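Enquirer: Input: one structure, supplied below.
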Amino acid sequence: MLRQPPDRQVPAASSGAGAQYPDVLRFTRAVRWCHRTTSLLMAVCVGTALCLYVPGLAQLAGRRALMVTLHQWSGLLLPAPVLAGLASRALRADLGRLNRFGPHDRRWLRRARRARRPYPPPGEDWGRDAGKFNAGQKVFAAWIAGAVLVMTGTGLLMWFTGLAPLQWRTSATFVHDWLALAIGVVLAAHVAMAAAHPEARRAMRTGRADRAWARREHALWQPPDGSETETAGRTESK
Amino acid sequence: METADSAHTGDDTRSAGSPGTADTPAPPGTSADGEGSPVGRRLVLGMLGLGAAGLVTAPYVQRGTESVLSAVSGKDPTGVTGLLPNGGGFRYYSVASSVPRRGPRDYELTVGGLVERPARHGLGELRGMPQHRIVRDVQCVTGWRVPSTPFEGVRLSHVLDLAGVRPEATAVRFTCFDGVYSESLTLKQAMRDDVLIALGMQDKPVSHQHGGPVRLYVAPMYFYKSAKWLSGIELTREVEPGYWEKRGYAVDGWVGRSNGRDDAPTAA
(Lines give C-alpha, C1' and ligand atoms only; values in the text may rest on other atoms or scores of the structure.)
Protein backbone atom coordinates (compact mmCIF):
# COMPACT_ATOMS: atom_id res chain seq x y z
CA MET A 1 0.00 0.00 0.00
CA LEU A 2 2.89 2.35 0.60
CA ARG A 3 3.15 3.56 -2.89
CA GLN A 4 5.64 6.35 -2.77
CA PRO A 5 7.64 8.51 -0.39
CA PRO A 6 5.82 11.52 1.07
CA ASP A 7 5.79 14.55 -1.11
CA ARG A 8 7.52 17.74 -0.12
CA GLN A 9 4.58 20.06 -0.45
CA VAL A 10 2.72 21.52 2.45
CA PRO A 11 -0.57 19.64 2.74
CA ALA A 12 -3.42 21.52 1.16
CA ALA A 13 -5.92 21.34 4.00
CA SER A 14 -3.60 22.04 6.86
CA SER A 15 -4.47 25.27 8.54
CA GLY A 16 -1.97 28.04 8.83
CA ALA A 17 1.26 28.20 10.67
CA GLY A 18 1.44 24.82 12.39
CA ALA A 19 1.42 22.91 9.17
CA GLN A 20 4.67 21.22 8.51
CA TYR A 21 6.00 18.67 6.21
CA PRO A 22 5.24 15.09 7.17
CA ASP A 23 1.96 15.63 8.99
CA VAL A 24 -1.48 14.77 7.68
CA LEU A 25 -4.74 16.32 8.79
CA ARG A 26 -6.52 13.62 10.74
CA PHE A 27 -9.20 15.48 12.69
CA THR A 28 -10.64 18.87 11.86
CA ARG A 29 -11.32 21.39 14.58
CA ALA A 30 -15.03 20.51 14.67
CA VAL A 31 -14.25 16.83 15.20
CA ARG A 32 -11.74 17.63 17.92
CA TRP A 33 -14.14 19.88 19.77
CA CYS A 34 -16.84 17.29 19.47
CA HIS A 35 -14.55 14.72 21.05
CA ARG A 36 -13.42 17.16 23.73
CA THR A 37 -16.89 18.21 24.86
CA THR A 38 -18.15 14.65 24.72
CA SER A 39 -15.28 13.43 26.87
CA LEU A 40 -15.82 16.27 29.33
CA LEU A 41 -19.52 15.46 29.65
CA MET A 42 -18.68 11.78 29.96
CA ALA A 43 -16.15 12.50 32.69
CA VAL A 44 -18.71 14.52 34.65
CA CYS A 45 -21.35 11.86 34.10
CA VAL A 46 -19.11 9.00 35.22
CA GLY A 47 -17.62 10.99 38.10
CA THR A 48 -20.99 11.94 39.54
CA ALA A 49 -22.26 8.40 38.96
CA LEU A 50 -19.43 7.13 41.14
CA CYS A 51 -20.27 9.72 43.79
CA LEU A 52 -23.89 8.60 43.77
CA TYR A 53 -23.21 4.90 43.69
CA VAL A 54 -20.01 3.98 45.50
CA PRO A 55 -20.84 4.30 49.21
CA GLY A 56 -17.42 5.62 50.23
CA LEU A 57 -17.43 8.30 47.54
CA ALA A 58 -21.07 9.17 48.24
CA GLN A 59 -20.18 9.99 51.82
CA LEU A 60 -17.01 11.78 50.84
CA ALA A 61 -18.63 13.95 48.20
CA GLY A 62 -21.99 14.54 49.85
CA ARG A 63 -24.03 17.21 48.04
CA ARG A 64 -26.28 14.55 46.68
CA ALA A 65 -28.69 16.98 45.05
CA LEU A 66 -25.86 18.66 43.14
CA MET A 67 -24.46 15.28 42.09
CA VAL A 68 -27.87 14.16 40.87
CA THR A 69 -28.39 17.35 38.88
CA LEU A 70 -24.93 17.20 37.33
CA HIS A 71 -25.35 13.53 36.50
CA GLN A 72 -28.75 14.01 34.91
CA TRP A 73 -27.76 16.98 32.79
CA SER A 74 -24.35 15.73 31.73
CA GLY A 75 -26.00 12.46 30.76
CA LEU A 76 -28.81 14.09 28.89
CA LEU A 77 -26.41 16.39 27.03
CA LEU A 78 -24.01 13.58 26.14
CA PRO A 79 -25.37 13.11 22.61
CA ALA A 80 -25.47 16.89 22.04
CA PRO A 81 -21.89 17.48 20.80
CA VAL A 82 -22.24 14.85 18.08
CA LEU A 83 -25.64 16.21 17.07
CA ALA A 84 -24.26 19.74 16.91
CA GLY A 85 -21.21 18.44 15.09
CA LEU A 86 -23.40 17.10 12.31
CA ALA A 87 -23.21 20.62 10.93
CA SER A 88 -19.61 19.87 10.03
CA ARG A 89 -19.09 18.02 6.80
CA ALA A 90 -15.84 16.54 8.08
CA LEU A 91 -17.61 15.08 11.10
CA ARG A 92 -20.35 13.68 8.94
CA ALA A 93 -17.69 12.12 6.73
CA ASP A 94 -15.99 10.56 9.76
CA LEU A 95 -19.33 9.19 10.97
CA GLY A 96 -19.84 7.72 7.52
CA ARG A 97 -16.45 6.03 7.71
CA LEU A 98 -17.22 4.70 11.20
CA ASN A 99 -20.52 3.34 9.99
CA ARG A 100 -19.33 1.47 6.93
CA PHE A 101 -17.53 -1.83 7.31
CA GLY A 102 -15.63 -3.11 4.32
CA PRO A 103 -13.91 -6.45 3.68
CA HIS A 104 -10.73 -5.16 5.32
CA ASP A 105 -12.66 -4.59 8.58
CA ARG A 106 -13.78 -8.20 8.56
CA ARG A 107 -10.17 -9.28 8.13
CA TRP A 108 -9.13 -7.00 10.99
CA LEU A 109 -11.79 -8.39 13.30
CA ARG A 110 -10.96 -11.95 12.34
CA ARG A 111 -7.36 -11.31 13.26
CA ALA A 112 -8.36 -9.62 16.50
CA ARG A 113 -10.46 -12.63 17.45
CA ARG A 114 -7.56 -14.96 16.86
CA ALA A 115 -4.99 -12.75 18.50
CA ARG A 116 -3.98 -13.38 22.05
CA ARG A 117 -4.64 -10.59 24.46
CA PRO A 118 -3.30 -8.01 24.94
CA TYR A 119 -3.57 -7.12 21.35
CA PRO A 120 -2.49 -5.79 19.00
CA PRO A 121 0.61 -7.92 19.54
CA PRO A 122 3.74 -5.88 19.14
CA GLY A 123 5.25 -5.94 15.72
CA GLU A 124 2.19 -7.16 13.91
CA ASP A 125 1.00 -5.06 11.05
CA TRP A 126 -2.53 -4.24 12.14
CA GLY A 127 -2.75 -1.09 10.09
CA ARG A 128 -2.75 -2.87 6.78
CA ASP A 129 -6.45 -3.68 7.20
CA ALA A 130 -7.48 -0.30 8.55
CA GLY A 131 -8.98 2.69 6.84
CA LYS A 132 -9.13 6.02 8.66
CA PHE A 133 -10.56 4.04 11.54
CA ASN A 134 -9.74 0.42 12.22
CA ALA A 135 -12.53 -2.04 12.88
CA GLY A 136 -11.94 -1.91 16.62
CA GLN A 137 -12.44 1.84 16.65
CA LYS A 138 -15.57 1.45 14.57
CA VAL A 139 -17.05 -1.17 16.88
CA PHE A 140 -16.23 0.98 19.90
CA ALA A 141 -17.86 4.05 18.35
CA ALA A 142 -21.06 2.22 17.48
CA TRP A 143 -21.24 0.39 20.80
CA ILE A 144 -20.73 3.48 22.92
CA ALA A 145 -23.23 5.45 20.84
CA GLY A 146 -25.87 2.76 21.35
CA ALA A 147 -24.99 2.38 25.01
CA VAL A 148 -25.30 6.13 25.63
CA LEU A 149 -28.72 6.13 24.01
CA VAL A 150 -29.86 3.23 26.19
CA MET A 151 -28.48 5.01 29.27
CA THR A 152 -30.31 8.18 28.28
CA GLY A 153 -33.56 6.29 27.83
CA THR A 154 -33.37 4.34 31.07
CA GLY A 155 -32.10 7.43 32.85
CA LEU A 156 -35.13 9.42 31.72
CA LEU A 157 -37.41 6.64 32.98
CA MET A 158 -35.80 6.95 36.40
CA TRP A 159 -35.71 10.73 36.32
CA PHE A 160 -39.32 11.38 35.40
CA THR A 161 -41.00 8.88 37.64
CA GLY A 162 -44.41 9.69 36.23
CA LEU A 163 -43.33 8.66 32.74
CA ALA A 164 -43.95 4.95 33.06
CA PRO A 165 -45.40 2.35 35.42
CA LEU A 166 -43.40 1.33 38.43
CA GLN A 167 -42.19 -1.97 37.03
CA TRP A 168 -40.56 -0.10 34.15
CA ARG A 169 -38.73 2.07 36.60
CA THR A 170 -37.38 -0.95 38.44
CA SER A 171 -36.30 -2.56 35.17
CA ALA A 172 -34.76 0.69 33.97
CA THR A 173 -32.72 0.87 37.17
CA PHE A 174 -31.49 -2.66 36.55
CA VAL A 175 -30.48 -2.00 32.94
CA HIS A 176 -28.94 1.37 33.82
CA ASP A 177 -26.80 -0.17 36.59
CA TRP A 178 -25.39 -3.10 34.66
CA LEU A 179 -24.84 -1.17 31.45
CA ALA A 180 -23.04 1.49 33.48
CA LEU A 181 -20.66 -1.19 34.65
CA ALA A 182 -20.05 -2.36 31.08
CA ILE A 183 -19.52 1.23 29.93
CA GLY A 184 -16.99 1.69 32.72
CA VAL A 185 -14.99 -1.29 31.46
CA VAL A 186 -15.20 -0.20 27.81
CA LEU A 187 -14.24 3.39 28.60
CA ALA A 188 -11.28 2.18 30.62
CA ALA A 189 -10.17 0.17 27.59
CA HIS A 190 -10.66 3.24 25.36
CA VAL A 191 -8.48 5.35 27.64
CA ALA A 192 -5.90 2.57 27.90
CA MET A 193 -5.69 2.40 24.10
CA ALA A 194 -5.22 6.15 23.96
CA ALA A 195 -2.52 5.94 26.61
CA ALA A 196 -0.73 3.31 24.56
CA HIS A 197 -0.86 5.29 21.31
CA PRO A 198 0.73 8.72 21.63
CA GLU A 199 0.43 9.54 17.96
CA ALA A 200 -3.29 8.84 17.97
CA ARG A 201 -3.55 11.06 21.02
CA ARG A 202 -1.64 13.82 19.29
CA ALA A 203 -3.99 13.58 16.35
CA MET A 204 -6.97 14.11 18.63
CA ARG A 205 -5.18 16.97 20.41
CA THR A 206 -3.75 18.88 17.47
CA GLY A 207 -5.61 17.41 14.54
CA ARG A 208 -2.40 16.29 12.88
CA ALA A 209 -0.65 12.98 12.66
CA ASP A 210 2.64 11.86 11.28
CA ARG A 211 2.28 10.74 7.69
CA ALA A 212 4.37 7.63 8.11
CA TRP A 213 2.32 6.72 11.18
CA ALA A 214 -0.89 7.17 9.24
CA ARG A 215 0.38 4.91 6.47
CA ARG A 216 1.48 2.28 8.93
CA GLU A 217 -1.57 2.29 11.20
CA HIS A 218 -4.24 3.23 8.68
CA ALA A 219 -2.88 2.00 5.40
CA LEU A 220 -6.21 2.12 3.57
CA TRP A 221 -6.93 5.69 4.59
CA GLN A 222 -6.41 8.42 2.10
CA PRO A 223 -5.65 11.59 4.01
CA PRO A 224 -7.60 14.48 2.50
CA ASP A 225 -4.52 16.59 2.05
CA GLY A 226 -2.49 13.85 0.47
CA SER A 227 -1.72 15.26 -2.91
CA GLU A 228 -0.37 11.85 -3.69
CA THR A 229 -0.87 10.85 -7.28
CA GLU A 230 -4.46 10.97 -8.41
CA THR A 231 -6.41 12.21 -5.40
CA ALA A 232 -9.21 14.40 -6.65
CA GLY A 233 -8.00 17.36 -4.65
CA ARG A 234 -11.10 17.71 -2.52
CA THR A 235 -10.30 18.66 1.01
CA GLU A 236 -12.27 18.25 4.17
CA SER A 237 -14.06 21.33 5.27
CA LYS A 238 -12.73 22.87 8.35
CA MET B 1 -5.69 -10.00 -1.32
CA GLU B 2 -5.74 -6.26 -1.14
CA THR B 3 -5.49 -5.93 -4.86
CA ALA B 4 -8.57 -8.07 -5.21
CA ASP B 5 -10.46 -5.82 -2.84
CA SER B 6 -9.22 -2.70 -4.47
CA ALA B 7 -10.26 -3.93 -7.85
CA HIS B 8 -13.70 -4.52 -6.44
CA THR B 9 -14.12 -1.26 -4.60
CA GLY B 10 -12.43 0.72 -7.29
CA ASP B 11 -15.24 -0.21 -9.61
CA ASP B 12 -17.88 0.25 -7.00
CA THR B 13 -19.60 3.55 -7.58
CA ARG B 14 -22.74 2.52 -5.72
CA SER B 15 -21.96 4.42 -2.55
CA ALA B 16 -20.68 7.53 -4.23
CA GLY B 17 -23.87 9.40 -3.50
CA SER B 18 -24.70 7.79 -0.18
CA PRO B 19 -25.17 10.23 2.67
CA GLY B 20 -22.43 10.55 5.21
CA THR B 21 -19.62 9.43 2.97
CA ALA B 22 -18.00 12.58 1.80
CA ASP B 23 -14.92 10.77 0.75
CA THR B 24 -12.97 11.57 -2.25
CA PRO B 25 -13.59 8.80 -4.75
CA ALA B 26 -11.22 5.97 -4.15
CA PRO B 27 -8.60 5.86 -6.81
CA PRO B 28 -7.60 2.51 -8.20
CA GLY B 29 -5.05 0.83 -6.05
CA THR B 30 -6.71 1.58 -2.74
CA SER B 31 -9.49 -0.06 -0.86
CA ALA B 32 -12.19 2.52 -0.37
CA ASP B 33 -12.54 3.85 3.14
CA GLY B 34 -16.12 4.60 4.10
CA GLU B 35 -17.75 2.05 1.87
CA GLY B 36 -19.30 -1.26 2.68
CA SER B 37 -22.22 -2.36 4.80
CA PRO B 38 -23.57 -0.04 7.50
CA VAL B 39 -22.51 -2.31 10.34
CA GLY B 40 -22.07 0.66 12.66
CA ARG B 41 -25.71 1.60 12.37
CA ARG B 42 -26.71 -2.01 12.95
CA LEU B 43 -24.60 -2.12 16.09
CA VAL B 44 -26.25 1.04 17.42
CA LEU B 45 -29.69 -0.36 16.69
CA GLY B 46 -28.61 -3.66 18.20
CA MET B 47 -27.65 -1.91 21.42
CA LEU B 48 -31.04 -0.19 21.50
CA GLY B 49 -32.70 -3.57 20.95
CA LEU B 50 -30.64 -5.12 23.75
CA GLY B 51 -31.61 -2.24 26.02
CA ALA B 52 -35.29 -2.80 25.27
CA ALA B 53 -34.88 -6.54 25.78
CA GLY B 54 -33.15 -5.80 29.06
CA LEU B 55 -36.11 -3.72 30.20
CA VAL B 56 -38.52 -6.53 29.38
CA THR B 57 -36.51 -9.36 30.91
CA ALA B 58 -35.12 -7.41 33.89
CA PRO B 59 -37.58 -8.80 36.45
CA TYR B 60 -36.51 -12.36 35.63
CA VAL B 61 -32.81 -11.73 35.11
CA GLN B 62 -32.67 -9.62 38.25
CA ARG B 63 -33.84 -12.50 40.41
CA GLY B 64 -30.98 -14.60 39.05
CA THR B 65 -28.26 -12.01 39.54
CA GLU B 66 -29.55 -11.21 43.00
CA SER B 67 -29.46 -14.78 44.22
CA VAL B 68 -25.99 -15.35 42.77
CA LEU B 69 -24.62 -12.10 44.16
CA SER B 70 -26.13 -12.50 47.59
CA ALA B 71 -24.66 -16.00 47.76
CA VAL B 72 -21.24 -14.74 46.65
CA SER B 73 -21.18 -11.53 48.68
CA GLY B 74 -21.58 -13.52 51.89
CA LYS B 75 -18.21 -15.15 51.22
CA ASP B 76 -16.45 -12.15 49.73
CA PRO B 77 -13.92 -10.64 52.12
CA THR B 78 -12.91 -7.89 49.65
CA GLY B 79 -16.37 -6.34 49.49
CA VAL B 80 -16.07 -5.90 45.73
CA THR B 81 -19.39 -7.64 45.12
CA GLY B 82 -21.00 -4.96 47.27
CA LEU B 83 -20.28 -2.51 44.46
CA LEU B 84 -22.02 -4.57 41.80
CA PRO B 85 -25.63 -3.69 41.03
CA ASN B 86 -27.78 -5.36 43.67
CA GLY B 87 -24.61 -6.96 44.92
CA GLY B 88 -25.73 -6.89 48.50
CA GLY B 89 -25.55 -3.92 50.78
CA PHE B 90 -27.65 -0.85 51.18
CA ARG B 91 -27.98 1.97 48.77
CA TYR B 92 -28.18 5.49 50.00
CA TYR B 93 -31.26 7.30 48.81
CA SER B 94 -32.29 10.71 49.96
CA VAL B 95 -35.01 12.77 48.37
CA ALA B 96 -33.78 15.91 50.07
CA SER B 97 -31.08 18.14 48.71
CA SER B 98 -29.18 17.98 51.95
CA VAL B 99 -30.04 16.54 55.31
CA PRO B 100 -29.06 18.29 58.53
CA ARG B 101 -27.26 16.24 61.14
CA ARG B 102 -28.93 15.81 64.49
CA GLY B 103 -27.39 14.32 67.58
CA PRO B 104 -28.18 13.76 71.26
CA ARG B 105 -28.35 17.50 71.91
CA ASP B 106 -30.75 18.63 69.23
CA TYR B 107 -32.71 15.53 68.20
CA GLU B 108 -36.37 15.49 69.10
CA LEU B 109 -39.27 13.21 68.19
CA THR B 110 -42.66 14.85 68.46
CA VAL B 111 -45.84 12.84 68.91
CA GLY B 112 -49.01 14.75 68.13
CA GLY B 113 -52.28 14.84 66.26
CA LEU B 114 -55.17 12.83 67.62
CA VAL B 115 -53.57 11.83 70.94
CA GLU B 116 -54.46 12.48 74.56
CA ARG B 117 -50.96 13.55 75.58
CA PRO B 118 -48.79 15.13 72.87
CA ALA B 119 -45.14 14.45 73.64
CA ARG B 120 -41.57 15.24 72.73
CA HIS B 121 -38.92 12.61 73.18
CA GLY B 122 -35.22 13.29 73.19
CA LEU B 123 -32.65 10.70 72.19
CA GLY B 124 -31.81 9.81 75.81
CA GLU B 125 -35.46 9.34 76.60
CA LEU B 126 -35.95 6.98 73.66
CA ARG B 127 -32.88 5.01 74.71
CA GLY B 128 -34.40 4.62 78.15
CA MET B 129 -37.53 2.92 76.82
CA PRO B 130 -37.78 -0.90 76.42
CA GLN B 131 -35.62 -1.94 73.45
CA HIS B 132 -36.35 -4.72 71.02
CA ARG B 133 -34.12 -6.34 68.41
CA ILE B 134 -35.45 -7.69 65.11
CA VAL B 135 -33.38 -9.47 62.47
CA ARG B 136 -34.99 -9.69 59.04
CA ASP B 137 -34.13 -9.20 55.40
CA VAL B 138 -34.41 -5.68 54.05
CA GLN B 139 -36.09 -5.43 50.65
CA CYS B 140 -36.06 -2.29 48.56
CA VAL B 141 -38.75 -1.71 46.01
CA THR B 142 -36.06 -1.01 43.38
CA GLY B 143 -34.83 -4.56 43.74
CA TRP B 144 -31.95 -4.78 46.15
CA ARG B 145 -32.23 -6.98 49.22
CA VAL B 146 -29.95 -7.16 52.21
CA PRO B 147 -30.22 -10.39 54.16
CA SER B 148 -30.56 -10.65 57.94
CA THR B 149 -30.15 -7.08 59.07
CA PRO B 150 -30.53 -6.41 62.80
CA PHE B 151 -32.57 -3.39 63.86
CA GLU B 152 -32.95 -2.32 67.46
CA GLY B 153 -35.22 0.22 69.07
CA VAL B 154 -38.49 1.08 70.71
CA ARG B 155 -41.72 -0.43 69.50
CA LEU B 156 -43.83 2.22 67.82
CA SER B 157 -46.84 0.84 69.70
CA HIS B 158 -45.11 1.68 72.99
CA VAL B 159 -44.70 5.33 72.08
CA LEU B 160 -48.27 5.47 70.77
CA ASP B 161 -49.58 3.95 74.01
CA LEU B 162 -47.65 6.52 76.02
CA ALA B 163 -49.35 9.30 74.06
CA GLY B 164 -52.80 7.72 74.25
CA VAL B 165 -54.36 7.32 70.82
CA ARG B 166 -57.77 8.94 70.57
CA PRO B 167 -60.55 6.65 69.26
CA GLU B 168 -61.14 8.65 66.06
CA ALA B 169 -57.56 8.11 64.88
CA THR B 170 -57.12 5.37 62.28
CA ALA B 171 -53.72 6.17 60.79
CA VAL B 172 -50.24 7.40 61.61
CA ARG B 173 -48.28 9.90 59.60
CA PHE B 174 -44.51 10.19 59.88
CA THR B 175 -42.45 13.24 59.02
CA CYS B 176 -38.71 13.59 58.77
CA PHE B 177 -36.17 16.26 59.58
CA ASP B 178 -34.84 16.16 56.03
CA GLY B 179 -37.83 18.44 55.53
CA VAL B 180 -39.27 16.51 52.60
CA TYR B 181 -39.96 12.87 53.26
CA SER B 182 -43.16 11.56 54.80
CA GLU B 183 -44.75 8.16 55.29
CA SER B 184 -48.00 6.70 56.54
CA LEU B 185 -49.25 3.52 58.15
CA THR B 186 -52.71 2.48 59.24
CA LEU B 187 -53.07 2.36 63.02
CA LYS B 188 -53.40 -1.42 62.85
CA GLN B 189 -50.10 -1.69 60.94
CA ALA B 190 -48.44 0.76 63.30
CA MET B 191 -49.33 -1.34 66.35
CA ARG B 192 -47.52 -4.43 65.02
CA ASP B 193 -44.67 -5.82 67.09
CA ASP B 194 -42.25 -5.63 64.19
CA VAL B 195 -42.57 -1.88 63.65
CA LEU B 196 -39.80 -0.09 65.50
CA ILE B 197 -38.57 3.40 66.14
CA ALA B 198 -35.05 2.24 65.41
CA LEU B 199 -32.02 3.60 67.25
CA GLY B 200 -29.67 0.85 66.15
CA MET B 201 -29.03 -0.88 62.84
CA GLN B 202 -26.52 -3.63 62.14
CA ASP B 203 -25.72 -3.54 65.88
CA LYS B 204 -24.48 0.04 65.72
CA PRO B 205 -26.27 3.32 66.31
CA VAL B 206 -28.15 4.24 63.14
CA SER B 207 -25.69 6.33 61.12
CA HIS B 208 -26.60 9.58 59.45
CA GLN B 209 -26.38 7.81 56.07
CA HIS B 210 -28.94 5.27 57.17
CA GLY B 211 -31.30 7.87 58.62
CA GLY B 212 -29.85 8.33 62.07
CA PRO B 213 -30.05 9.06 64.84
CA VAL B 214 -33.61 7.73 64.66
CA ARG B 215 -35.43 6.06 61.81
CA LEU B 216 -38.57 4.06 61.36
CA TYR B 217 -38.31 0.33 60.72
CA VAL B 218 -41.32 -1.45 59.26
CA ALA B 219 -40.10 -5.04 58.94
CA PRO B 220 -42.82 -6.55 56.74
CA MET B 221 -42.87 -3.76 54.16
CA TYR B 222 -40.67 -2.42 51.37
CA PHE B 223 -37.91 -0.26 52.71
CA TYR B 224 -39.34 3.05 51.53
CA LYS B 225 -41.85 2.58 54.35
CA SER B 226 -38.98 2.72 56.85
CA ALA B 227 -38.61 6.48 56.84
CA LYS B 228 -35.14 7.82 57.60
CA TRP B 229 -34.43 10.80 59.88
CA LEU B 230 -37.74 10.35 61.70
CA SER B 231 -38.79 13.47 63.60
CA GLY B 232 -42.58 13.54 63.77
CA ILE B 233 -45.41 11.13 64.51
CA GLU B 234 -48.92 12.35 63.98
CA LEU B 235 -52.15 10.44 64.52
CA THR B 236 -54.66 11.21 61.78
CA ARG B 237 -58.28 10.50 61.01
CA GLU B 238 -57.36 8.67 57.80
CA VAL B 239 -54.27 7.61 55.86
CA GLU B 240 -52.48 10.51 54.24
CA PRO B 241 -50.24 9.24 51.43
CA GLY B 242 -46.55 9.91 51.98
CA TYR B 243 -43.84 11.16 49.65
CA TRP B 244 -43.42 8.06 47.50
CA GLU B 245 -47.03 7.03 47.89
CA LYS B 246 -48.08 10.20 46.12
CA ARG B 247 -45.74 9.09 43.33
CA GLY B 248 -47.26 5.71 42.68
CA TYR B 249 -45.95 3.46 45.43
CA ALA B 250 -48.41 1.42 47.47
CA VAL B 251 -49.54 2.72 50.85
CA ASP B 252 -49.78 -0.87 52.07
CA GLY B 253 -46.27 -1.74 50.98
CA TRP B 254 -46.13 -5.39 52.00
CA VAL B 255 -43.05 -7.10 50.63
CA GLY B 256 -44.09 -9.52 47.90
CA ARG B 257 -47.71 -8.40 47.83
CA SER B 258 -47.57 -4.86 46.50
CA ASN B 259 -45.97 -2.56 43.94
CA GLY B 260 -46.25 -5.24 41.27
CA ARG B 261 -43.44 -7.27 42.80
CA ASP B 262 -43.31 -10.79 44.13
CA ASP B 263 -40.26 -10.85 46.38
CA ALA B 264 -40.15 -13.33 49.25
CA PRO B 265 -41.84 -11.72 52.27
CA THR B 266 -39.50 -10.29 54.90
CA ALA B 267 -41.80 -11.02 57.83
CA ALA B 268 -44.72 -13.26 58.60
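Labeling convention for the C-alpha coordinates: chains A, B, ... as they appear, residues from 1 per chain, ligands from 1 in order of appearance.
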Give the strand (DSSP E) residues of range 122-247 of chain B, as assigned by DSSP on the backbone, as a ChimeraX atom specification.

Expert: /B:132-139,145-155,171-176,182-186,195-201,204-205,215-218,230-236

Enquirer: Give me, as a count of residues only, the contact residues of chain A against chain B at a cut-off of 7 Å, counting only C-alpha atoms.

Expert: 39

Enquirer: Please, which residues of range 11-107 of chain A, numbered as in this document, come out helix (DSSP H, G or I) from DSSP, as a PyMOL selection string?

Expert: chain A and resi 16-18+29-53+55-61+64-77+80-85+89-99+103-107

Enquirer: Which residues, written as an MDAnalysis selection string, have at least one atom at most 8 Å from Pro213 in chain B, with only C-alpha atoms counted and residues fewer than 2 positions away on the same chain left out?

Expert: chainID B and resid 102:103 107 123 199 205:208 211 215 229

Enquirer: The selected residues should be written to file as a CSV table (one decimal), in the first residue's frame (atoms: N, CA and C atoms).

Expert:
chain,number,residue,atom,x,y,z
B,102,ARG,N,-28.4,15.6,63.1
B,102,ARG,CA,-28.9,15.8,64.5
B,102,ARG,C,-28.3,14.8,65.4
B,103,GLY,N,-28.0,15.2,66.6
B,103,GLY,CA,-27.4,14.3,67.6
B,103,GLY,C,-28.1,14.4,68.9
B,107,TYR,N,-31.7,16.4,68.8
B,107,TYR,CA,-32.7,15.5,68.2
B,107,TYR,C,-34.0,15.5,69.1
B,123,LEU,N,-33.3,12.0,72.5
B,123,LEU,CA,-32.7,10.7,72.2
B,123,LEU,C,-32.4,9.9,73.5
B,199,LEU,N,-33.2,2.8,66.8
B,199,LEU,CA,-32.0,3.6,67.2
B,199,LEU,C,-30.7,2.9,66.8
B,205,PRO,N,-25.3,2.2,66.4
B,205,PRO,CA,-26.3,3.3,66.3
B,205,PRO,C,-26.6,3.6,64.8
B,206,VAL,N,-27.8,3.9,64.5
B,206,VAL,CA,-28.1,4.2,63.1
B,206,VAL,C,-27.3,5.4,62.7
B,207,SER,N,-26.6,5.2,61.6
B,207,SER,CA,-25.7,6.3,61.1
B,207,SER,C,-26.5,7.4,60.4
B,208,HIS,N,-25.9,8.5,60.2
B,208,HIS,CA,-26.6,9.6,59.4
B,208,HIS,C,-27.0,9.1,58.1
B,211,GLY,N,-30.1,7.2,58.1
B,211,GLY,CA,-31.3,7.9,58.6
B,211,GLY,C,-31.2,8.2,60.1
B,215,ARG,N,-34.7,6.3,63.0
B,215,ARG,CA,-35.4,6.1,61.8
B,215,ARG,C,-36.6,5.1,62.1
B,229,TRP,N,-34.5,9.5,59.2
B,229,TRP,CA,-34.4,10.8,59.9
B,229,TRP,C,-35.8,11.2,60.5
